[in-house]
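Printed here is run-v3.txt (compact mmCIF, C-alpha atoms):
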```txt
# COMPACT_ATOMS: atom_id res chain seq x y z
CA MET A 1 92.77 -23.69 46.48
CA LEU A 2 90.33 -21.70 44.42
CA ASP A 3 87.67 -24.30 45.11
CA PHE A 4 88.28 -23.95 48.79
CA LEU A 5 87.97 -20.18 48.62
CA TYR A 6 84.77 -20.38 46.62
CA LYS A 7 83.33 -22.76 49.20
CA LEU A 8 84.42 -20.47 51.98
CA PHE A 9 82.61 -17.54 50.45
CA GLY A 10 79.63 -19.50 49.29
CA ARG A 11 80.10 -18.63 45.65
CA ASP A 12 80.10 -22.08 44.11
CA GLY A 13 76.50 -21.98 42.96
CA GLY A 14 75.65 -24.45 45.68
CA SER A 15 73.81 -27.73 45.68
CA LYS A 16 70.44 -25.99 45.81
CA ASN A 17 70.57 -25.41 42.08
CA VAL A 18 70.96 -29.13 41.57
CA ALA A 19 68.01 -29.71 43.90
CA LYS A 20 65.88 -27.18 42.04
CA GLU A 21 66.68 -28.61 38.65
CA ARG A 22 65.93 -32.17 39.76
CA LEU A 23 62.72 -31.02 41.37
CA ARG A 24 61.67 -29.14 38.24
CA LEU A 25 62.13 -32.27 36.16
CA VAL A 26 60.46 -34.63 38.56
CA LEU A 27 57.44 -32.34 38.84
CA LEU A 28 57.24 -32.00 35.09
CA HIS A 29 56.75 -35.75 34.97
CA ASP A 30 54.42 -35.90 37.96
CA ARG A 31 52.22 -33.19 36.54
CA THR A 32 52.09 -34.59 33.00
CA SER A 33 50.66 -37.88 34.12
CA ILE A 34 48.03 -38.44 31.44
CA SER A 35 45.28 -41.00 31.87
CA PRO A 36 45.38 -44.11 29.66
CA GLN A 37 41.97 -43.17 28.24
CA LEU A 38 43.27 -39.81 27.09
CA MET A 39 46.27 -41.52 25.54
CA ASP A 40 43.94 -43.90 23.67
CA THR A 41 41.81 -41.05 22.36
CA LEU A 42 44.95 -39.28 21.20
CA LYS A 43 46.02 -42.46 19.40
CA VAL A 44 42.71 -42.81 17.57
CA GLU A 45 42.78 -39.17 16.47
CA LEU A 46 46.38 -39.47 15.31
CA ILE A 47 45.53 -42.52 13.20
CA LYS A 48 42.61 -40.63 11.67
CA VAL A 49 44.73 -37.66 10.64
CA ILE A 50 47.75 -39.58 9.42
CA SER A 51 45.58 -42.03 7.44
CA ASN A 52 44.59 -39.11 5.22
CA TYR A 53 48.13 -39.03 3.91
CA MET A 54 49.71 -42.39 4.55
CA GLU A 55 48.89 -46.03 4.96
CA ILE A 56 50.04 -46.91 8.45
CA ASP A 57 50.28 -50.04 10.50
CA GLU A 58 47.66 -49.30 13.11
CA GLU A 59 48.43 -52.46 15.07
CA SER A 60 52.03 -51.62 15.88
CA LEU A 61 51.53 -47.92 16.38
CA GLU A 62 53.03 -46.72 19.66
CA VAL A 63 52.44 -43.41 21.38
CA SER A 64 54.02 -42.51 24.71
CA LEU A 65 55.38 -39.69 26.78
CA ASP A 66 59.12 -39.84 27.02
CA SER A 67 61.74 -37.89 28.83
CA SER A 68 65.20 -37.19 27.61
CA GLY A 69 67.47 -34.94 29.57
CA THR A 70 65.54 -31.83 30.51
CA THR A 71 62.42 -32.22 28.41
CA VAL A 72 59.35 -34.35 28.15
CA ALA A 73 58.36 -35.37 24.64
CA LEU A 74 55.40 -37.06 23.04
CA VAL A 75 56.96 -39.93 21.12
CA ALA A 76 55.00 -41.66 18.39
CA ASN A 77 56.35 -44.67 16.56
CA ILE A 78 54.20 -45.09 13.48
CA PRO A 79 55.23 -47.70 10.89
CA VAL A 80 54.34 -46.50 7.38
CA LYS A 81 53.17 -49.11 4.87
CA GLY A 82 52.79 -46.75 1.95
CA ILE A 83 52.16 -43.21 0.86
CA LYS A 84 48.79 -42.40 -0.65
CA ARG A 85 48.69 -41.25 -4.29
CA ALA A 86 46.85 -38.04 -3.44
CA ALA A 87 49.53 -37.07 -0.99
CA ARG A 88 52.27 -37.85 -3.50
CA THR A 89 50.86 -35.62 -6.20
CA THR A 90 50.12 -32.65 -3.93
CA ALA A 91 53.57 -32.88 -2.39
CA MET B 1 30.33 -22.61 64.04
CA GLY B 2 34.00 -23.53 64.13
CA GLU B 3 36.51 -24.12 61.38
CA VAL B 4 38.20 -27.41 60.50
CA ILE B 5 41.84 -27.14 59.39
CA VAL B 6 43.75 -30.21 58.22
CA ILE B 7 47.55 -30.28 58.52
CA THR B 8 49.01 -32.43 55.78
CA SER B 9 52.24 -33.01 53.82
CA GLY B 10 52.35 -36.25 51.86
CA LYS B 11 55.82 -37.12 53.05
CA GLY B 12 56.37 -38.30 56.59
CA GLY B 13 58.72 -36.69 59.05
CA VAL B 14 58.42 -33.11 57.86
CA GLY B 15 56.67 -31.87 61.01
CA LYS B 16 52.92 -32.35 60.59
CA THR B 17 52.35 -33.51 64.15
CA THR B 18 54.61 -30.84 65.65
CA THR B 19 52.82 -28.24 63.54
CA THR B 20 49.39 -29.52 64.57
CA ALA B 21 50.37 -29.43 68.25
CA ASN B 22 51.76 -25.91 68.00
CA ILE B 23 48.95 -24.42 65.96
CA GLY B 24 46.46 -26.00 68.36
CA ALA B 25 48.30 -24.76 71.42
CA GLY B 26 48.89 -21.38 69.78
CA LEU B 27 45.20 -20.86 69.10
CA ALA B 28 44.28 -22.02 72.61
CA ALA B 29 46.84 -19.61 74.07
CA ARG B 30 45.05 -16.84 72.20
CA GLY B 31 41.87 -17.79 74.03
CA TYR B 32 40.10 -19.97 71.48
CA LYS B 33 38.43 -23.27 72.14
CA VAL B 34 40.42 -25.82 70.18
CA VAL B 35 40.33 -29.55 69.59
CA MET B 36 43.13 -31.43 67.87
CA VAL B 37 42.23 -34.67 66.15
CA ASP B 38 44.92 -37.28 65.58
CA ALA B 39 43.84 -38.96 62.34
CA ASP B 40 46.95 -41.12 62.16
CA ILE B 41 45.22 -44.32 63.24
CA GLY B 42 47.69 -47.06 64.11
CA LEU B 43 50.61 -44.63 64.50
CA ARG B 44 49.39 -42.39 67.29
CA ASN B 45 51.85 -39.56 68.04
CA LEU B 46 50.09 -36.30 68.75
CA ASP B 47 49.40 -37.40 72.34
CA VAL B 48 53.12 -37.87 73.01
CA VAL B 49 54.13 -34.59 71.37
CA LEU B 50 51.62 -32.85 73.65
CA GLY B 51 52.57 -34.84 76.76
CA LEU B 52 49.06 -36.25 77.11
CA GLU B 53 49.88 -39.90 76.49
CA ASN B 54 49.04 -41.03 80.03
CA ARG B 55 45.54 -39.68 80.00
CA ILE B 56 44.01 -41.58 77.09
CA VAL B 57 40.97 -43.68 77.91
CA PHE B 58 38.97 -43.69 74.68
CA ASP B 59 40.02 -42.83 71.14
CA LEU B 60 38.77 -41.72 67.73
CA VAL B 61 37.66 -45.21 66.69
CA ASP B 62 35.78 -45.67 70.00
CA VAL B 63 33.84 -42.55 69.11
CA THR B 64 33.08 -43.39 65.46
CA SER B 65 32.11 -46.96 66.30
CA GLY B 66 29.89 -45.87 69.17
CA ASN B 67 31.87 -47.41 72.04
CA CYS B 68 31.79 -44.13 73.89
CA ARG B 69 30.37 -40.66 73.62
CA LEU B 70 32.48 -37.96 71.97
CA ARG B 71 32.81 -36.05 75.21
CA GLN B 72 34.31 -39.07 76.99
CA ALA B 73 37.14 -39.40 74.47
CA LEU B 74 38.23 -35.76 74.57
CA ILE B 75 41.30 -35.09 76.71
CA LYS B 76 41.49 -31.66 78.25
CA ASP B 77 44.93 -30.10 78.43
CA LYS B 78 45.86 -28.95 81.93
CA ARG B 79 48.19 -26.14 80.83
CA LEU B 80 45.93 -24.38 78.41
CA GLU B 81 42.29 -23.65 79.03
CA GLY B 82 40.35 -24.56 75.91
CA LEU B 83 42.84 -27.06 74.42
CA HIS B 84 41.56 -30.57 73.77
CA LEU B 85 42.80 -33.72 72.08
CA LEU B 86 40.92 -36.53 70.41
CA PRO B 87 43.59 -39.25 70.19
CA ALA B 88 43.92 -41.79 67.40
CA ALA B 89 43.44 -45.50 68.02
CA GLN B 90 46.75 -47.31 68.24
CA THR B 91 45.66 -50.90 67.68
CA LYS B 92 43.46 -50.38 64.61
CA ASP B 93 44.30 -49.35 61.06
CA LYS B 94 43.17 -46.58 58.72
CA THR B 95 40.19 -48.57 57.44
CA ALA B 96 38.61 -48.50 60.91
CA VAL B 97 37.14 -45.10 60.00
CA SER B 98 35.41 -43.93 56.82
CA PRO B 99 35.47 -40.46 55.26
CA GLU B 100 31.73 -40.15 55.96
CA GLN B 101 32.30 -40.86 59.66
CA MET B 102 35.11 -38.29 59.79
CA LYS B 103 32.88 -35.74 58.12
CA ALA B 104 30.14 -36.34 60.67
CA LEU B 105 32.67 -36.14 63.50
CA CYS B 106 34.01 -32.79 62.23
CA GLU B 107 30.49 -31.40 61.98
CA GLU B 108 29.89 -32.46 65.57
CA LEU B 109 33.15 -30.90 66.82
CA LYS B 110 32.57 -27.66 64.91
CA LYS B 111 29.45 -27.04 66.96
CA GLU B 112 31.44 -26.93 70.14
CA PHE B 113 34.91 -25.69 69.19
CA ASP B 114 36.23 -22.59 67.46
CA TYR B 115 38.95 -24.61 65.73
CA VAL B 116 39.28 -28.28 64.86
CA ILE B 117 42.88 -29.07 63.86
CA ILE B 118 43.38 -32.43 62.17
CA ASP B 119 46.76 -34.16 62.11
CA CYS B 120 46.80 -36.03 58.81
CA PRO B 121 48.88 -39.20 58.39
CA ALA B 122 51.61 -39.39 55.76
CA GLY B 123 50.65 -40.86 52.41
CA ILE B 124 47.78 -40.37 49.99
CA GLU B 125 45.65 -43.39 50.80
CA GLN B 126 42.66 -43.96 53.05
CA GLY B 127 44.17 -42.16 56.06
CA PHE B 128 44.66 -39.02 53.98
CA LYS B 129 41.15 -39.25 52.53
CA ASN B 130 39.71 -39.64 56.03
CA ALA B 131 41.68 -36.71 57.40
CA ILE B 132 40.61 -34.25 54.70
CA ALA B 133 36.99 -35.42 54.46
CA GLY B 134 35.58 -32.92 56.93
CA ALA B 135 38.11 -30.11 56.46
CA ASP B 136 37.25 -26.53 55.50
CA LYS B 137 40.86 -25.48 54.99
CA ALA B 138 44.18 -27.21 54.44
CA VAL B 139 47.73 -26.42 55.48
CA VAL B 140 50.58 -28.17 53.67
CA VAL B 141 53.85 -28.64 55.55
CA THR B 142 57.10 -29.17 53.68
CA THR B 143 60.84 -28.95 54.24
CA PRO B 144 63.44 -27.58 51.79
CA GLU B 145 64.20 -30.99 50.29
CA VAL B 146 63.43 -32.40 46.85
CA ALA B 147 61.37 -35.34 48.16
CA ALA B 148 59.30 -33.24 50.57
CA VAL B 149 58.53 -30.54 48.00
CA ARG B 150 57.64 -33.14 45.40
CA ASP B 151 55.19 -34.82 47.78
CA ALA B 152 53.77 -31.43 48.75
CA ASP B 153 53.09 -30.76 45.06
CA ARG B 154 51.21 -34.03 44.77
CA ILE B 155 49.21 -33.31 47.91
CA ILE B 156 48.27 -29.84 46.68
CA GLY B 157 46.92 -31.47 43.51
CA LEU B 158 44.90 -33.99 45.51
CA LEU B 159 43.56 -31.30 47.86
CA GLU B 160 42.39 -29.23 44.93
CA ALA B 161 40.78 -32.28 43.34
CA ALA B 162 38.92 -32.75 46.64
CA GLU B 163 37.64 -29.15 46.44
CA LEU B 164 39.95 -27.95 49.21
CA ARG B 165 41.00 -24.88 47.30
CA GLU B 166 43.93 -22.62 48.09
CA PRO B 167 45.85 -24.62 50.66
CA LYS B 168 48.45 -22.64 52.60
CA LEU B 169 52.10 -23.59 52.87
CA ILE B 170 54.38 -23.93 55.89
CA ILE B 171 58.08 -24.40 55.22
CA ASN B 172 59.67 -26.18 58.14
CA ARG B 173 63.28 -26.70 59.22
CA ILE B 174 64.83 -24.02 57.08
CA ARG B 175 68.49 -23.33 57.77
CA PRO B 176 69.27 -19.71 56.89
CA LYS B 177 72.99 -20.29 56.81
CA MET B 178 72.70 -23.08 54.26
CA VAL B 179 70.27 -21.02 52.19
CA ARG B 180 72.76 -18.16 52.19
CA GLN B 181 75.50 -20.51 51.04
CA GLY B 182 73.33 -21.75 48.21
CA ASP B 183 73.12 -25.24 49.65
CA MET B 184 69.44 -25.20 50.56
CA MET B 185 66.40 -24.13 48.58
CA SER B 186 65.13 -20.77 49.76
CA ILE B 187 61.57 -19.77 50.67
CA GLU B 188 61.26 -18.05 47.28
CA ASP B 189 62.49 -21.14 45.43
CA ILE B 190 59.85 -23.33 47.06
CA ILE B 191 57.00 -20.84 46.67
CA ASP B 192 58.01 -20.43 43.05
CA ILE B 193 57.78 -24.18 42.44
CA LEU B 194 54.59 -24.91 44.39
CA ALA B 195 52.78 -21.67 43.53
CA ILE B 196 50.68 -21.43 46.70
CA ASP B 197 50.43 -18.85 49.48
CA LEU B 198 52.90 -18.97 52.34
CA LEU B 199 51.50 -19.25 55.86
CA GLY B 200 54.81 -19.35 57.66
CA VAL B 201 58.42 -20.43 57.88
CA ILE B 202 59.94 -22.28 60.81
CA PRO B 203 63.70 -22.20 61.23
CA GLU B 204 65.57 -25.33 62.27
CA ASP B 205 65.71 -25.06 66.04
CA GLU B 206 67.06 -27.31 68.78
CA MET B 207 64.31 -26.04 71.05
CA ILE B 208 61.85 -28.17 69.08
CA VAL B 209 63.75 -31.28 70.14
CA ILE B 210 63.98 -30.12 73.73
CA THR B 211 60.34 -29.10 74.11
CA THR B 212 59.13 -32.23 72.31
CA ASN B 213 61.22 -34.34 74.71
CA ARG B 214 59.26 -32.73 77.51
CA GLY B 215 55.90 -32.94 75.79
CA GLU B 216 55.41 -29.18 75.70
CA PRO B 217 54.51 -27.24 72.56
CA VAL B 218 57.35 -24.87 71.60
CA VAL B 219 54.81 -22.16 70.77
CA LEU B 220 54.51 -21.54 74.52
CA ASN B 221 58.25 -20.95 74.80
CA GLN B 222 58.73 -17.21 74.56
CA ASN B 223 62.48 -17.28 73.94
CA SER B 224 62.70 -19.58 70.95
CA ARG B 225 62.72 -18.64 67.29
CA SER B 226 60.57 -21.61 66.32
CA GLY B 227 58.09 -20.67 69.05
CA GLN B 228 57.89 -17.16 67.60
CA ALA B 229 57.42 -18.65 64.12
CA TYR B 230 54.46 -20.68 65.37
CA ARG B 231 52.98 -17.69 67.17
CA ASN B 232 53.18 -15.79 63.89
CA ILE B 233 51.49 -18.63 62.05
CA THR B 234 48.73 -18.68 64.64
CA ALA B 235 48.20 -14.95 64.23
CA ARG B 236 48.04 -15.29 60.43
CA LEU B 237 45.44 -18.04 60.76
CA LEU B 238 43.42 -15.57 62.81
CA GLY B 239 43.61 -13.15 59.91
CA GLU B 240 46.25 -10.84 61.34
CA GLU B 241 48.92 -9.37 59.12
CA VAL B 242 52.26 -10.40 60.56
CA PRO B 243 55.50 -9.79 58.68
CA PHE B 244 57.66 -12.84 58.05
CA MET B 245 60.39 -12.96 60.63
CA ASN B 246 63.97 -12.22 59.76
CA LEU B 247 65.62 -15.59 59.58
CA GLU B 248 69.16 -14.31 59.52
CA GLU B 249 70.99 -15.44 62.61
CA GLU B 250 73.07 -13.04 64.60
CA PRO B 251 76.23 -12.76 62.53
CA GLY B 252 79.27 -14.31 64.16
CA LEU B 253 82.75 -12.83 64.01
CA TRP B 254 83.34 -14.21 60.54
CA GLY B 255 80.00 -12.91 59.29
CA ARG B 256 80.74 -9.42 60.52
CA LEU B 257 84.22 -9.54 59.06
CA ARG B 258 82.77 -10.65 55.74
CA LYS B 259 80.36 -7.73 55.78
CA ILE B 260 83.12 -5.27 56.52
CA ILE B 261 85.27 -6.41 53.64
CA GLY B 262 82.24 -6.46 51.40
CA LEU B 263 82.12 -10.13 50.56
CA LYS B 264 78.51 -10.70 51.53
```
Let me see the file written as structure tokens.
Amino acid sequence: MLDFLYKLFGRDGGSKNVAKERLRLVLLHDRTSISPQLMDTLKVELIKVISNYMEIDEESLEVSLDSSGTTVALVANIPVKGIKRAARTTA
Amino acid sequence: MGEVIVITSGKGGVGKTTTTANIGAGLAARGYKVVMVDADIGLRNLDVVLGLENRIVFDLVDVTSGNCRLRQALIKDKRLEGLHLLPAAQTKDKTAVSPEQMKALCEELKKEFDYVIIDCPAGIEQGFKNAIAGADKAVVVTTPEVAAVRDADRIIGLLEAAELREPKLIINRIRPKMVRQGDMMSIEDIIDILAIDLLGVIPEDEMIVITTNRGEPVVLNQNSRSGQAYRNITARLLGEEVPFMNLEEEPGLWGRLRKIIGLK
């Protein structure tokens, strides 16, 4: 009954909010389309920085843009082979 | 020297052709010399919307490939002095014309006409690239739906990448009642998302169906809301300041009752 009344008076938030939220997300993805070259450059730079502290498996390193729920995240899967001595002592 | 305006949208079926026809007719009704170019090669429609389908002899591809002179392919509208159509070819495809040829054609038309209005095909491929090649300004048409707004966003990005800065937005087929009920994105919602200037809003209107059935632009119909919306858009294109029309329909009995008891 309450549902019916809400509908009648247009107070149920409405489907437009769903539309807006879906649109916001879809545009977030559309607009963050990054070129493969840029992704490669990012990868190289990441390897450079991380190598200062850790020994990593450069071959199986994976970097990608990922979405979960309402956010887009930069996901990097970087297998670590070992920690460098310098890093161990300063930490 | 005239001005070339391309009417585009990305998504199909949002009202590009109807908008092209009405802006063209609207400008001609204001006394300007106008040519509308149907760039949708292979899916010719602007001729039918304008009721000029029986008068086509030559088309756009005949002109660009040198089969006829430009003047021979232009169809003169009998209702409006100054309104002309350059129809698309129906039996060719988008690759029959190149962006360079379109650019040259627009330059040619600009010499003779005050306004060149280009009806862009749906999509972002060759047909789109052809249609925008010679344009000075762009108008993006959308409807209050997720898919249409998404495609409009993509098109705005592509227009800006092609140096067509500051495209203007037309929101078509808005239903004030649904907006009020929270079941349709409002003008503000869409502007907020797309972040471009609004050129006009056209309410959903049965008169569009009726006038299109007859092949007459609704902009010439003095009693319709959509006709008024297109007249306003025409005026804004001419640089006039026109307030956005009140989209609220006349309240029915229930609407008035709701107002009285303060539920609005």
May I have the residues of chain A within 6 Å of chain B, counting all atoms listed in the file, written as a list in words?
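Listed by rising number, the hits are Gly10, Gly14, Ser15, Lys16 and Leu23 of chain A.
Atom CA of B:Ala104 to atom CA of B:Gly134 spans 7.4 Å [interatomic distance, one decimal].
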Could you pull the residues within 12 Å of stretch 242-248 of chain B, counting all atoms listed in the file, minus those fewer than 5 positions along the same chain, as a count of residues only?
34
Between B:Thr95, B:Gln101, B:Thr212, B:Asn45, which one has atoms that come closest to B:Gly66, using only C-alpha atoms?
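Counting only C-alpha atoms, the residue closest to B:Gly66 is B:Gln101.
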For B:Ala135, which residue among B:Leu105, B:Arg79, B:Gly123, B:Ala152 is the nearest when counting only C-alpha atoms?
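For B:Ala135, the nearest of the given residues is B:Leu105.
Relative to atom CA of B:Gly12, atom CA of A:Val72 is found at 28.9 Å.
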Some atoms are absent from stretch 121-135 of chain B, so rebuild N, CA and C atoms and return them as an mmCIF file, keeping the file's coordinate frame.
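Final file, result.cif:
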```cif
data_model
loop_
_atom_site.group_PDB
_atom_site.id
_atom_site.type_symbol
_atom_site.label_atom_id
_atom_site.label_comp_id
_atom_site.auth_asym_id
_atom_site.auth_seq_id
_atom_site.Cartn_x
_atom_site.Cartn_y
_atom_site.Cartn_z
ATOM 1 N N PRO B 121 47.737 -38.288 58.535
ATOM 2 C CA PRO B 121 48.880 -39.200 58.390
ATOM 3 C C PRO B 121 49.630 -38.965 57.093
ATOM 4 N N ALA B 122 50.858 -39.473 57.010
ATOM 5 C CA ALA B 122 51.610 -39.390 55.760
ATOM 6 C C ALA B 122 50.934 -40.287 54.731
ATOM 7 N N GLY B 123 51.222 -40.035 53.466
ATOM 8 C CA GLY B 123 50.650 -40.860 52.410
ATOM 9 C C GLY B 123 49.454 -40.222 51.751
ATOM 10 N N ILE B 124 48.919 -40.925 50.734
ATOM 11 C CA ILE B 124 47.780 -40.370 49.990
ATOM 12 C C ILE B 124 46.619 -41.362 49.964
ATOM 13 N N GLU B 125 46.686 -42.361 50.833
ATOM 14 C CA GLU B 125 45.650 -43.390 50.800
ATOM 15 C C GLU B 125 44.503 -43.066 51.752
ATOM 16 N N GLN B 126 43.865 -44.113 52.228
ATOM 17 C CA GLN B 126 42.660 -43.960 53.050
ATOM 18 C C GLN B 126 42.821 -42.970 54.215
ATOM 19 N N GLY B 127 43.962 -43.044 54.912
ATOM 20 C CA GLY B 127 44.170 -42.160 56.060
ATOM 21 C C GLY B 127 44.107 -40.694 55.653
ATOM 22 N N PHE B 128 44.686 -40.385 54.516
ATOM 23 C CA PHE B 128 44.660 -39.020 53.980
ATOM 24 C C PHE B 128 43.227 -38.624 53.625
ATOM 25 N N LYS B 129 42.537 -39.536 52.949
ATOM 26 C CA LYS B 129 41.150 -39.250 52.530
ATOM 27 C C LYS B 129 40.257 -39.027 53.745
ATOM 28 N N ASN B 130 40.462 -39.821 54.790
ATOM 29 C CA ASN B 130 39.710 -39.640 56.030
ATOM 30 C C ASN B 130 39.989 -38.257 56.628
ATOM 31 N N ALA B 131 41.270 -37.931 56.699
ATOM 32 C CA ALA B 131 41.680 -36.710 57.400
ATOM 33 C C ALA B 131 41.148 -35.452 56.721
ATOM 34 N N ILE B 132 41.054 -35.474 55.384
ATOM 35 C CA ILE B 132 40.610 -34.250 54.700
ATOM 36 C C ILE B 132 39.098 -34.202 54.496
ATOM 37 N N ALA B 133 38.421 -35.319 54.790
ATOM 38 C CA ALA B 133 36.990 -35.420 54.460
ATOM 39 C C ALA B 133 36.142 -34.283 55.052
ATOM 40 N N GLY B 134 36.428 -33.921 56.295
ATOM 41 C CA GLY B 134 35.580 -32.920 56.930
ATOM 42 C C GLY B 134 36.218 -31.540 57.012
ATOM 43 N N ALA B 135 37.336 -31.348 56.315
ATOM 44 C CA ALA B 135 38.110 -30.110 56.460
ATOM 45 C C ALA B 135 37.538 -28.953 55.643
#
```
